[in-house]
Every structure is written in structure tokens, then in C-alpha cells.
file run_37.cif (mmCIF, C-alpha atoms and all ligand atoms)
data_start
#
loop_
_atom_site.label_atom_id
_atom_site.label_comp_id
_atom_site.auth_asym_id
_atom_site.auth_seq_id
_atom_site.Cartn_x
_atom_site.Cartn_y
_atom_site.Cartn_z
CA MET A 1 144.45 125.23 -1.30
CA LEU A 2 142.03 123.09 -3.34
CA LEU A 3 138.96 121.66 -1.67
CA LYS A 4 140.31 118.13 -1.94
CA ASP A 5 143.64 119.28 -0.51
CA GLN A 6 141.82 121.04 2.30
CA LYS A 7 139.93 117.83 3.16
CA ASP A 8 143.16 115.84 3.19
CA PHE A 9 144.72 118.51 5.37
CA PHE A 10 141.85 118.29 7.85
CA LYS A 11 142.17 114.53 7.85
CA VAL A 12 145.91 114.74 8.66
CA CYS A 13 145.21 117.23 11.45
CA PHE A 14 142.41 115.01 12.79
CA ASP A 15 144.58 111.89 12.75
CA THR A 16 147.53 113.54 14.46
CA MET A 17 145.58 114.82 17.46
CA GLN A 18 146.93 113.89 20.91
CA MET A 19 143.73 112.09 21.88
CA GLY A 20 141.20 109.74 20.37
CA ILE A 21 138.19 111.42 18.85
CA LEU A 22 135.00 109.87 17.64
CA VAL A 23 131.67 111.25 16.48
CA TYR A 24 128.39 109.32 16.82
CA ASP A 25 124.83 110.04 15.87
CA ILE A 26 121.68 110.01 17.96
CA HIS A 27 121.39 106.22 17.43
CA LYS A 28 124.83 105.83 19.00
CA LYS A 29 126.29 104.74 15.65
CA ILE A 30 129.91 105.81 15.16
CA VAL A 31 130.23 108.02 12.06
CA LEU A 32 133.80 109.29 12.45
CA SER A 33 136.96 108.32 14.31
CA ASN A 34 140.61 109.36 14.17
CA SER A 35 143.73 107.13 14.16
CA PRO A 36 144.61 107.61 17.87
CA LEU A 37 141.10 106.41 18.76
CA ASN A 38 141.49 103.29 16.60
CA GLN A 39 144.82 102.60 18.26
CA ILE A 40 143.42 103.12 21.76
CA PHE A 41 140.70 100.53 21.11
CA ASN A 42 143.03 98.25 19.19
CA TYR A 43 141.31 98.51 15.76
CA PHE A 44 143.53 98.42 12.68
CA LYS A 45 141.71 100.90 10.53
CA GLU A 46 138.95 103.50 10.69
CA SER A 47 136.55 101.31 8.69
CA ASP A 48 136.67 98.70 11.50
CA VAL A 49 135.22 101.25 13.88
CA LEU A 50 132.79 103.03 11.60
CA ASN A 51 129.17 101.96 11.94
CA LEU A 52 129.88 100.18 15.22
CA SER A 53 127.64 101.12 18.11
CA ILE A 54 129.09 103.09 21.01
CA ASN A 55 127.99 100.11 23.13
CA ASN A 56 130.83 98.07 21.55
CA LEU A 57 133.50 100.41 22.86
CA PHE A 58 132.38 100.96 26.45
CA GLU A 59 131.49 98.70 29.32
CA ASP A 60 128.56 100.87 30.32
CA SER A 61 127.06 103.24 27.76
CA ILE A 62 124.36 104.75 29.93
CA ILE A 63 126.25 108.04 30.08
CA PHE A 64 125.98 108.31 26.27
CA ASP A 65 122.23 107.61 26.37
CA ASP A 66 121.83 110.30 28.98
CA PHE A 67 123.76 112.78 26.94
CA ILE A 68 121.64 112.13 23.85
CA VAL A 69 118.34 112.38 25.73
CA ASN A 70 119.28 115.38 27.75
CA SER A 71 119.80 117.76 24.87
CA THR A 72 120.14 120.86 27.07
CA HIS A 73 123.76 119.77 27.72
CA LYS A 74 126.20 121.23 25.26
CA LYS A 75 129.25 119.59 26.79
CA PHE A 76 130.58 118.01 29.99
CA LYS A 77 131.61 120.43 32.69
CA LYS A 78 134.65 118.24 33.30
CA PRO A 79 135.94 114.91 31.98
CA ILE A 80 134.74 111.69 33.59
CA GLU A 81 136.37 108.29 34.00
CA ILE A 82 134.73 105.20 32.47
CA VAL A 83 135.82 101.73 31.36
CA GLY A 84 136.64 101.13 27.69
CA VAL A 85 136.55 97.77 25.89
CA LYS A 86 139.25 97.00 23.31
CA SER A 87 138.59 94.92 20.17
CA ASN A 88 140.03 91.87 22.03
CA GLY A 89 137.66 92.41 24.99
CA GLU A 90 140.32 93.85 27.31
CA ARG A 91 138.97 96.44 29.77
CA PHE A 92 140.93 99.64 30.46
CA PRO A 93 140.36 103.05 32.08
CA ILE A 94 139.41 105.99 29.94
CA GLU A 95 138.95 109.69 30.44
CA LEU A 96 135.97 110.91 28.45
CA ASN A 97 134.66 114.31 27.50
CA LEU A 98 131.48 114.69 25.49
CA SER A 99 130.08 117.60 23.52
CA LYS A 100 127.20 118.07 21.15
CA LEU A 101 127.31 119.49 17.61
CA GLU A 102 124.75 120.21 14.89
CA TYR A 103 125.33 119.44 11.21
CA GLU A 104 122.73 119.84 8.50
CA ASN A 105 119.89 119.87 11.06
CA GLU A 106 121.05 116.67 12.68
CA TYR A 107 122.62 116.30 16.12
CA TYR A 108 125.91 114.51 16.50
CA PHE A 109 128.07 113.88 19.53
CA LYS A 110 131.81 114.26 19.80
CA ALA A 111 133.80 112.17 22.27
CA PHE A 112 137.35 113.08 23.32
CA ILE A 113 139.02 110.01 24.72
CA SER A 114 142.34 109.44 26.51
CA ASP A 115 143.72 106.10 27.64
CA ILE A 116 144.60 106.71 31.30
CA THR A 117 145.99 103.24 32.11
CA GLU A 118 149.49 104.57 32.88
CA ARG A 119 148.18 107.54 34.84
CA LYS A 120 145.98 105.18 36.91
CA LYS A 121 148.89 102.83 37.51
CA GLU A 122 151.01 105.74 38.70
CA LYS A 123 148.17 106.98 40.90
CA ASN A 124 147.79 103.48 42.40
CA ARG A 125 151.53 103.22 42.88
CA ILE A 126 151.57 106.54 44.74
CA PHE A 127 148.49 105.52 46.73
CA ASN A 128 150.12 102.21 47.73
CA LEU A 129 153.35 104.01 48.54
CA ASN A 130 151.44 106.47 50.70
CA SER A 131 149.53 103.80 52.58
CA LYS A 132 152.78 101.85 53.11
CA LEU A 133 154.38 105.04 54.39
CA GLU A 134 151.36 105.71 56.59
CA LYS A 135 151.57 102.17 58.02
CA GLU A 136 155.28 102.61 58.70
CA VAL A 137 154.70 105.96 60.38
CA LYS A 138 151.92 104.40 62.49
CA LEU A 139 154.19 101.49 63.41
CA GLN A 140 157.03 103.79 64.34
CA HIS A 141 154.63 105.96 66.32
CA HIS A 142 153.42 102.85 68.13
CA GLU A 143 157.01 101.72 68.79
CA LEU A 144 157.84 105.20 70.05
CA GLU A 145 154.84 105.14 72.38
CA ASN A 146 155.91 101.72 73.66
CA ALA A 147 159.44 102.98 74.22
CA ILE A 148 158.08 105.99 76.13
CA ASP A 149 155.86 103.68 78.22
CA GLN A 150 158.81 101.43 78.99
CA LEU A 151 160.91 104.44 79.85
CA GLN A 152 158.17 105.66 82.17
CA VAL A 153 158.01 102.23 83.83
CA SER A 154 161.81 102.21 84.31
CA LEU A 155 161.71 105.75 85.61
CA ASN A 156 158.96 104.88 88.09
CA LYS A 157 160.91 101.79 89.13
CA GLU A 158 164.02 103.91 89.57
CA LYS A 159 162.06 106.43 91.65
CA GLU A 160 160.54 103.64 93.74
CA LEU A 161 163.96 102.10 94.27
CA SER A 162 165.49 105.38 95.30
CA HIS A 163 162.55 105.96 97.67
CA LEU A 164 163.06 102.44 99.01
CA LYS A 165 166.76 103.08 99.64
CA THR A 166 166.10 106.36 101.44
CA LYS A 167 163.41 104.76 103.56
CA PHE A 168 165.61 101.77 104.30
CA ILE A 169 168.53 103.93 105.38
CA SER A 170 166.36 105.80 107.87
CA LEU A 171 164.81 102.51 109.08
CA ALA A 172 168.14 100.72 109.26
CA SER A 173 169.82 103.50 111.19
CA HIS A 174 167.05 103.16 113.75
CA GLU A 175 166.71 99.36 113.69
CA PHE A 176 170.45 98.68 113.69
CA LYS A 177 171.02 100.72 116.86
CA THR A 178 169.52 98.25 119.38
CA PRO A 179 171.31 95.10 118.15
CA LEU A 180 174.57 97.01 117.68
CA SER A 181 174.53 98.35 121.25
CA ALA A 182 173.61 94.84 122.49
CA ILE A 183 176.64 93.48 120.60
CA LEU A 184 178.79 96.19 122.12
CA SER A 185 177.70 95.47 125.70
CA SER A 186 178.05 91.70 125.17
CA THR A 187 181.61 92.08 123.84
CA GLU A 188 182.48 94.25 126.84
CA LEU A 189 181.11 91.54 129.11
CA ILE A 190 183.00 88.83 127.20
CA VAL A 191 186.20 90.72 128.03
CA LYS A 192 185.08 90.97 131.65
CA TYR A 193 184.44 87.20 131.83
CA SER A 194 187.82 86.31 130.39
CA ASP A 195 188.90 84.06 133.24
CA LEU A 196 188.43 80.30 132.88
CA ASN A 197 185.70 80.06 135.53
CA SER A 198 183.31 82.21 133.56
CA THR A 199 183.17 80.08 130.41
CA SER A 200 179.40 79.62 130.51
CA LYS A 201 178.77 83.38 130.97
CA ARG A 202 181.17 84.08 128.12
CA ASN A 203 179.44 81.58 125.84
CA GLU A 204 176.05 83.04 126.70
CA HIS A 205 177.21 86.46 125.48
CA LEU A 206 178.96 84.98 122.45
CA ASP A 207 175.62 83.37 121.52
CA LYS A 208 173.90 86.73 121.98
CA VAL A 209 176.41 88.38 119.65
CA LYS A 210 175.93 85.59 117.11
CA ASN A 211 172.16 85.98 117.24
CA MET A 212 172.33 89.76 116.89
CA ILE A 213 174.61 89.44 113.88
CA TYR A 214 172.21 86.86 112.40
CA HIS A 215 169.35 89.34 112.96
CA LEU A 216 171.25 92.23 111.35
CA ASN A 217 172.25 90.01 108.48
CA GLY A 218 168.60 89.04 108.02
CA MET A 219 167.63 92.70 107.78
CA LEU A 220 170.26 93.36 105.12
CA ASP A 221 169.18 90.20 103.27
CA ASP A 222 165.57 91.42 103.28
CA PHE A 223 166.62 94.69 101.73
CA LEU A 224 168.80 93.07 99.06
CA THR A 225 165.98 90.61 98.24
CA LEU A 226 163.55 93.48 97.87
CA GLU A 227 165.90 95.32 95.52
CA HIS A 228 166.31 92.10 93.54
CA ILE A 229 162.54 91.67 93.13
CA GLU A 230 162.10 95.37 92.40
CA LEU A 231 164.69 95.34 89.60
CA GLY A 232 162.93 92.33 88.04
CA SER A 233 166.23 90.44 88.06
CA PHE A 234 164.80 87.58 90.10
CA ILE A 235 164.66 84.13 88.46
CA PRO A 236 163.69 81.14 90.64
CA LYS A 237 166.12 78.21 90.73
CA PHE A 238 164.24 74.93 91.02
CA THR A 239 165.90 71.79 92.34
CA GLN A 240 164.77 68.44 93.65
CA PHE A 241 165.49 68.12 97.37
CA LYS A 242 164.37 66.36 100.53
CA PHE A 243 161.96 68.71 102.28
CA SER A 244 162.59 67.45 105.83
CA THR A 245 166.28 68.41 105.52
CA LEU A 246 165.35 71.99 104.63
CA ILE A 247 162.70 72.43 107.33
CA ASN A 248 165.05 71.01 110.00
CA GLU A 249 167.76 73.45 108.94
CA ILE A 250 165.32 76.40 109.11
CA ILE A 251 164.12 75.35 112.57
CA GLN A 252 167.68 74.96 113.83
CA ASN A 253 168.46 78.49 112.64
CA ILE A 254 165.48 80.15 114.31
CA LYS A 255 165.46 78.14 117.53
CA PRO A 256 167.94 80.49 119.26
CA PHE A 257 165.38 83.29 118.84
CA LEU A 258 162.60 81.51 120.71
CA LYS A 259 161.67 83.45 123.81
CA GLU A 260 161.72 81.96 127.29
CA ASN A 261 159.49 78.85 127.39
CA GLN A 262 158.25 79.52 123.87
CA THR A 263 157.75 76.25 122.00
CA LEU A 264 157.65 75.44 118.33
CA GLN A 265 155.62 72.38 117.38
CA LEU A 266 156.28 70.98 113.94
CA LYS A 267 153.98 68.60 112.11
CA ASN A 268 155.58 67.87 108.77
CA ASN A 269 153.66 65.54 106.47
CA ILE A 270 156.01 65.95 103.50
CA THR A 271 158.37 63.05 103.86
CA GLY A 272 159.74 62.74 100.37
CA THR A 273 161.46 65.11 97.97
CA ILE A 274 159.93 68.17 96.34
CA TYR A 275 160.87 70.25 93.30
CA GLN A 276 161.04 73.88 94.41
CA ASP A 277 163.29 76.89 94.89
CA GLN A 278 164.95 76.04 98.25
CA ASN A 279 166.17 79.57 98.84
CA ILE A 280 162.72 81.13 98.41
CA LEU A 281 161.10 78.55 100.67
CA LYS A 282 163.76 79.30 103.28
CA ILE A 283 163.16 83.08 103.09
CA VAL A 284 159.36 82.70 103.18
CA LEU A 285 159.23 80.25 106.10
CA THR A 286 162.00 81.99 108.09
CA ASN A 287 160.12 85.30 107.81
CA LEU A 288 156.85 83.76 108.99
CA PHE A 289 158.55 81.85 111.84
CA ASN A 290 160.44 84.96 112.98
CA ASN A 291 157.23 86.98 113.05
CA ALA A 292 155.41 84.27 114.99
CA ILE A 293 158.22 84.31 117.57
CA LYS A 294 158.58 88.08 117.66
CA TYR A 295 154.87 88.87 117.94
CA SER A 296 153.99 86.28 120.58
CA LYS A 297 154.65 86.31 124.29
CA VAL A 298 156.92 84.17 126.43
CA ASN A 299 155.32 80.75 126.99
CA GLY A 300 153.67 81.06 123.59
CA ILE A 301 153.16 78.05 121.35
CA ILE A 302 153.96 78.24 117.65
CA GLU A 303 152.33 75.48 115.64
CA VAL A 304 153.69 74.62 112.22
CA GLU A 305 151.81 72.23 109.97
CA ILE A 306 153.12 71.22 106.55
CA ASP A 307 151.11 69.14 104.10
CA GLU A 308 150.83 68.16 100.46
CA LYS A 309 147.34 67.80 99.06
CA ASN A 310 146.37 67.15 95.44
CA SER A 311 148.57 69.48 93.41
CA SER A 312 149.58 71.87 96.22
CA LEU A 313 151.96 72.22 99.14
CA PHE A 314 150.52 73.85 102.29
CA PHE A 315 152.45 75.60 105.07
CA LYS A 316 150.51 76.75 108.13
CA ILE A 317 152.16 78.82 110.88
CA LYS A 318 149.96 79.58 113.88
CA ASP A 319 150.84 81.63 116.95
CA ASN A 320 148.93 82.87 120.00
CA GLY A 321 150.54 86.29 120.03
CA ILE A 322 149.46 89.93 119.84
CA GLY A 323 147.45 89.47 116.59
CA ILE A 324 146.83 92.08 113.91
CA PRO A 325 144.17 94.77 114.57
CA LYS A 326 141.17 94.16 112.29
CA ASN A 327 141.19 97.66 110.78
CA GLU A 328 144.86 97.30 109.75
CA GLN A 329 144.72 93.81 108.28
CA GLU A 330 144.20 95.02 104.70
CA PHE A 331 147.62 96.76 104.70
CA ILE A 332 149.59 93.82 106.05
CA PHE A 333 151.45 93.00 102.79
CA LYS A 334 152.21 96.65 101.98
CA ARG A 335 155.88 97.56 102.08
CA PHE A 336 157.04 99.21 105.35
CA PHE A 337 153.67 98.68 106.96
CA ARG A 338 153.72 97.97 110.69
CA ALA A 339 150.57 97.61 112.77
CA LYS A 340 150.11 100.02 115.69
CA ASN A 341 150.41 97.23 118.27
CA ALA A 342 153.75 96.09 116.74
CA VAL A 343 155.77 99.30 116.74
CA PHE A 344 157.28 98.73 120.17
CA LEU A 345 158.98 95.59 118.81
CA PRO A 346 161.88 95.80 116.34
CA GLY A 347 161.02 95.48 112.64
CA THR A 348 161.11 97.13 109.23
CA GLY A 349 157.79 96.14 107.65
CA ILE A 350 159.61 94.60 104.68
CA GLY A 351 159.35 90.87 105.47
CA LEU A 352 155.74 90.13 104.53
CA ASN A 353 156.03 92.26 101.41
CA ILE A 354 158.94 90.09 100.26
CA VAL A 355 157.09 86.90 101.18
CA LYS A 356 154.06 87.97 99.13
CA GLY A 357 156.27 89.03 96.18
CA TYR A 358 158.00 85.63 96.10
CA ILE A 359 154.80 83.62 96.50
CA ASP A 360 153.13 85.57 93.68
CA LYS A 361 156.13 84.86 91.44
CA LEU A 362 155.82 81.13 92.15
CA GLY A 363 152.10 81.21 91.28
CA GLY A 364 151.11 80.52 94.90
CA ALA A 365 148.90 82.26 97.46
CA ILE A 366 149.16 83.49 101.04
CA GLU A 367 146.25 84.04 103.42
CA PHE A 368 145.97 84.82 107.12
CA GLU A 369 143.50 84.98 109.96
CA SER A 370 144.16 87.08 113.01
CA ILE A 371 142.40 88.23 116.16
CA GLU A 372 144.03 90.94 118.24
CA ASN A 373 145.50 89.59 121.50
CA LYS A 374 144.51 86.04 120.52
CA GLY A 375 146.87 85.13 117.72
CA THR A 376 147.56 84.86 114.01
CA SER A 377 147.81 82.04 111.51
CA PHE A 378 149.31 82.31 108.05
CA VAL A 379 148.71 79.72 105.31
CA VAL A 380 150.90 79.54 102.24
CA GLU A 381 149.88 77.44 99.25
CA LEU A 382 152.39 76.65 96.52
CA PRO A 383 151.66 74.66 93.36
CA LYS A 384 153.44 71.30 93.24
CA ILE A 385 155.81 71.17 90.31
CA ASN A 386 157.18 68.02 88.72
CA ASN A 387 160.84 67.92 87.82
CA ASN A 388 160.05 67.27 84.15
CA GLU A 389 157.15 69.74 84.01
CA LYS A 390 157.58 73.08 82.26
CA VAL A 391 157.61 75.66 85.04
CA ASN A 392 155.34 78.62 84.38
CA ILE A 393 156.75 81.50 86.36
CA ILE A 394 154.82 84.75 86.57
CA ASN A 395 156.98 87.74 85.77
P1 LIG B 1 158.26 93.53 110.55
O1 LIG B 1 157.95 92.33 111.33
O2 LIG B 1 159.71 93.74 110.32
O3 LIG B 1 157.57 94.74 111.05
P2 LIG B 1 156.75 92.27 108.40
O4 LIG B 1 156.59 92.72 107.01
O5 LIG B 1 157.27 90.90 108.62
O6 LIG B 1 157.69 93.35 109.09
O7 LIG B 1 155.36 92.39 109.10
C1 LIG B 1 154.58 93.55 108.86
C2 LIG B 1 153.66 93.78 110.04
O8 LIG B 1 152.68 92.75 110.11
C3 LIG B 1 154.32 93.72 111.39
O9 LIG B 1 154.93 94.94 111.72
C4 LIG B 1 153.16 93.39 112.29
O10 LIG B 1 152.40 94.53 112.57
C5 LIG B 1 152.32 92.46 111.45
N1 LIG B 1 152.58 91.04 111.68
C6 LIG B 1 153.24 90.18 110.88
N2 LIG B 1 153.24 88.93 111.39
C7 LIG B 1 152.56 89.01 112.53
C8 LIG B 1 152.21 88.05 113.54
N3 LIG B 1 152.55 86.77 113.45
N4 LIG B 1 151.49 88.48 114.60
C9 LIG B 1 151.12 89.76 114.71
N5 LIG B 1 151.43 90.72 113.80
C10 LIG B 1 152.15 90.34 112.72
#

call {"tool": "encode", "arguments": {"input": "run_37.cif", "output": "C-alpha cells"}}
result
Amino acid sequence: MLLKDQKDFFKVCFDTMQMGILVYDIHKKIVLSNSPLNQIFNYFKESDVLNLSINNLFEDSIIFDDFIVNSTHKKFKKPIEIVGVKSNGERFPIELNLSKLEYENEYYFKAFISDITERKKEKNRIFNLNSKLEKEVKLQHHELENAIDQLQVSLNKEKELSHLKTKFISLASHEFKTPLSAILSSTELIVKYSDLNSTSKRNEHLDKVKNMIYHLNGMLDDFLTLEHIELGSFIPKFTQFKFSTLINEIIQNIKPFLKENQTLQLKNNITGTIYQDQNILKIVLTNLFNNAIKYSKVNGIIEVEIDEKNSSLFFKIKDNGIGIPKNEQEFIFKRFFRAKNAVFLPGTGIGLNIVKGYIDKLGGAIEFESIENKGTSFVVELPKINNNEKVNIIN
């Protein structure tokens, strides 16, 4: 091959390399470049690049200065990434590898350059995909944890409910015995007083039976209410109604349970209508009235005071009965709790727990004061709600 042919051959080889190559001198002046390099930087021909400074092709040429100054380096240990500048000013990522060469006692520097725009894009795409995937996994993990928490809550509720049922069955079998045997003896006596002359005796026992059934029914109601609250299926039903009608009905229902010479004094200052859940009010007040009757002696006085003040309704029920021992007062709203001085009287320890549950749901409060052997007074406060007001129920 002739020398000229050899040169041409080198040139062809140089221009068909896979990457851009350029050579610059110690003044950073470009003295050689191949076609791929010109294409990478968007120059039409080699002459456009020749004699340009390295500074024209790179955003930051400090690395080239370093390499010139630090002549102990022969070449980079591994390629680095820098930002290239095309002839139209566009910035793009480049992978660069530098090495030093000596020609006719002069140092020159060879730069191998690859445009890594596509590779970077792909890397970013994979990075974004990974972080999206990571986020999704985190979200699913979070959802799974929530589901497990909810499952645990349901499981605990289920356990509590099953415990409640077992406890109730053992309580009920005990508590139902007395009223049931009273019903039995009254019905036997009703048969005995079947002649016309004994009408008043018969009616007395019929009333007893009625009251016992009412009492048993109340116990079952308490249990069903508790289950209702426990399952979270309770939604208050608010209506506008005349309060005096409701309180009179409640009093009529509990009057038969008043002991001998026991009196119930009512001072009702709510004369108009209120917007509340009638059923809940009935359960709450009936429970408190029944307790006041049950836990106070014959001749006892039960004072009931009902008021509306500012934005609240107040219900005060005061008795002069056995009271609640001081050291047991903190447990009074706990389910199945019965104070030591109350166990000789019938009861399940469910009532006050239900009352508290309902009052909490209505956003109200219940407080009490009690002195053993002197008496107890309960005060219930419920927020007044307007018919057109949005009701904020606590779940
Ligand atoms: P029960 O009356 O069926 O036992 P409650 O939940 O209504 O259940 O009451 C729980 C306990 O609180 C009672 O057993 C009793 O010890 C005490 N208690 C409630 N009300 C009164 C009251 N008015 N006077 C004295 N003790 C009361």
C-alpha cells in the first residue's frame, strides 16, 4: 500500500469508529476529530471543529485543564460523565475517557466520547419505574397493614362480644330465676283467687306478673342494646317532640316499681319541644330512675330536675339511698361492675355502661356524686341540637 493510500485508509478507519474521537494540544486547541465526533456535536465537517478550543465543546472544561497539568496521568482509570455543548448550544450527557500521547516531543490528549442521551433516558425511565413500583409496594404494604389492623379490631370485637354473651348467659340464668319464680307463684295464686270475691287480690298478682315481665324484658333490652352498640350498628334517630310527653310516659312506666312510700318528685323546666333521639333518652332516664328506686330504701325520695341552659339539656336524678362506696366509684361505668353494697339486690351491671355509651355517642357527658348510706345524684348533660343543624355524632 502506498503512503498516501495508507493515510486514506487510516482516515477511513478513524471516521468509522463507533465513538467520537478528538485530539487536542496542551493549549486545549482541537487538532484532530473524526466524523462521529462532528456528528455528536452537530458540526457539518471536520474543519468546523478544528482549531476550536475544548471549552467550546464542554460545559465545564476543568477536567481537561487538570489532565493537562497533571502529567503523571496517562489515562483515566474509568470513563466519567460530563455535559457536552452542541454547535446550537444544546446541552447533552457525554461519557468521556481521556488519555495522553506524545508526538514529536509534544504532548497531545486524546478524548473518546460517547453520546449517552439515550442510555440516560433509559436509566431515568427505569429509575422512575422503580420508584413508582416502590411507592405502589409501600402503598399496598400500608393497605395490608390497615386491613390487618381492621381484622384485629373485628377479631377483638368478636371476642369481646362472645365474652359478653357468655357472661350474660351466666348472669341471666341467675337474675332471671327470682322474677320467674315470682311469676310462677303469682300465677298459682291467681288460680287460687279465681272466685269473684277475690278480684282485688287477683289484680294485685296480675300487676306483679306484669311488673316482673317488664323487668325481664328490660334486662333483655339492655343486652340487645349493648350488642347493638358493640357491633357499631347504632345510628341515632333524631326527631322533634314534646319533652313533657316523653317524661310523663317514662314516669308512668316506672311508677309501679316504686317501693312502699317511696316518692318521685319531678321538676321539669323543659316545656317546649326538643330535637333528640327519643328512644335513647328513654333508655338513659329509665335506667337512672330504676337504679334510684332499686338502690334506695322504702320512704325514700327521688328528686328529678330537668332543665335547659344555654346550649345544653340537663337531667339530674337524686336519691337518698345506699350510695356508692368511695373506693369503687371509679369503676361505676365499667361493664358488669356492681358495687359490694349492691350485690344483695338484683342487677347485671350493664345499665350504666349502656347509659355512658349512648351519652358519649350523642356528644354529651354524665357525672355523679355519691356518699355511702347517704345517697347518689347523677347529672346528664346533652348538647341541644336544632332541627336544621347538622348533627355531629361521634362514632
Ligand atoms: P345494675 O343496677 O344492674 O347492677 P348498673 O350498671 O345500672 O347495673 O349499675 C352498676 C352499679 O352501680 C350497681 O350495681 C350499683 O353498685 C351502682 N349504682 C348505680 N346506680 C346507683 C344508685 N343510684 N345508688 C347506688 N348505687 C348505684

call {"tool": "residues_near_ligand", "arguments": {"input": "run_37.cif", "ligand": "ligand LIG 1 (chain B)", "cutoff": "7 Å", "atoms": "all atoms listed in the file", "output": "number ranges by chain"}}
result
A: 287-288, 291-292, 295-296, 319, 321-324, 332-333, 335-343, 346-353, 375-377

call {"tool": "closest_residue", "arguments": {"input": "run_37.cif", "among": "A:Lys242, A:Lys255, A:Lys384, A:Lys326", "to": "Gly272 (chain A)", "atoms": "only C-alpha atoms"}}
result
A:Lys242

call {"tool": "residues_near_point", "arguments": {"input": "run_37.cif", "point": "(138.5, 118.4, 23.4)", "cutoff": "8 Å", "atoms": "only C-alpha atoms", "output": "MDAnalysis selection string"}}
result
chainID A and resid 97 111:112

call {"tool": "closest_residue", "arguments": {"input": "run_37.cif", "among": "A:Tyr107, A:Pro256, A:Ile251, A:Lys356", "to": "Val69 (chain A)", "atoms": "only C-alpha atoms"}}
result
A:Tyr107

call {"tool": "atom_distance", "arguments": {"input": "run_37.cif", "atom1": "CA of Ile113 (chain A)", "atom2": "CA of Lys78 (chain A)"}}
result
12.7 Å

call {"tool": "residues_around", "arguments": {"input": "run_37.cif", "residues": "Lys75 (chain A)", "least_positions_apart": "4", "cutoff": "9 Å", "atoms": "all atoms listed in the file", "output": "list in words"}}
result
Phe67, Asn97, Leu98, Ser99 and Lys100 of chain A
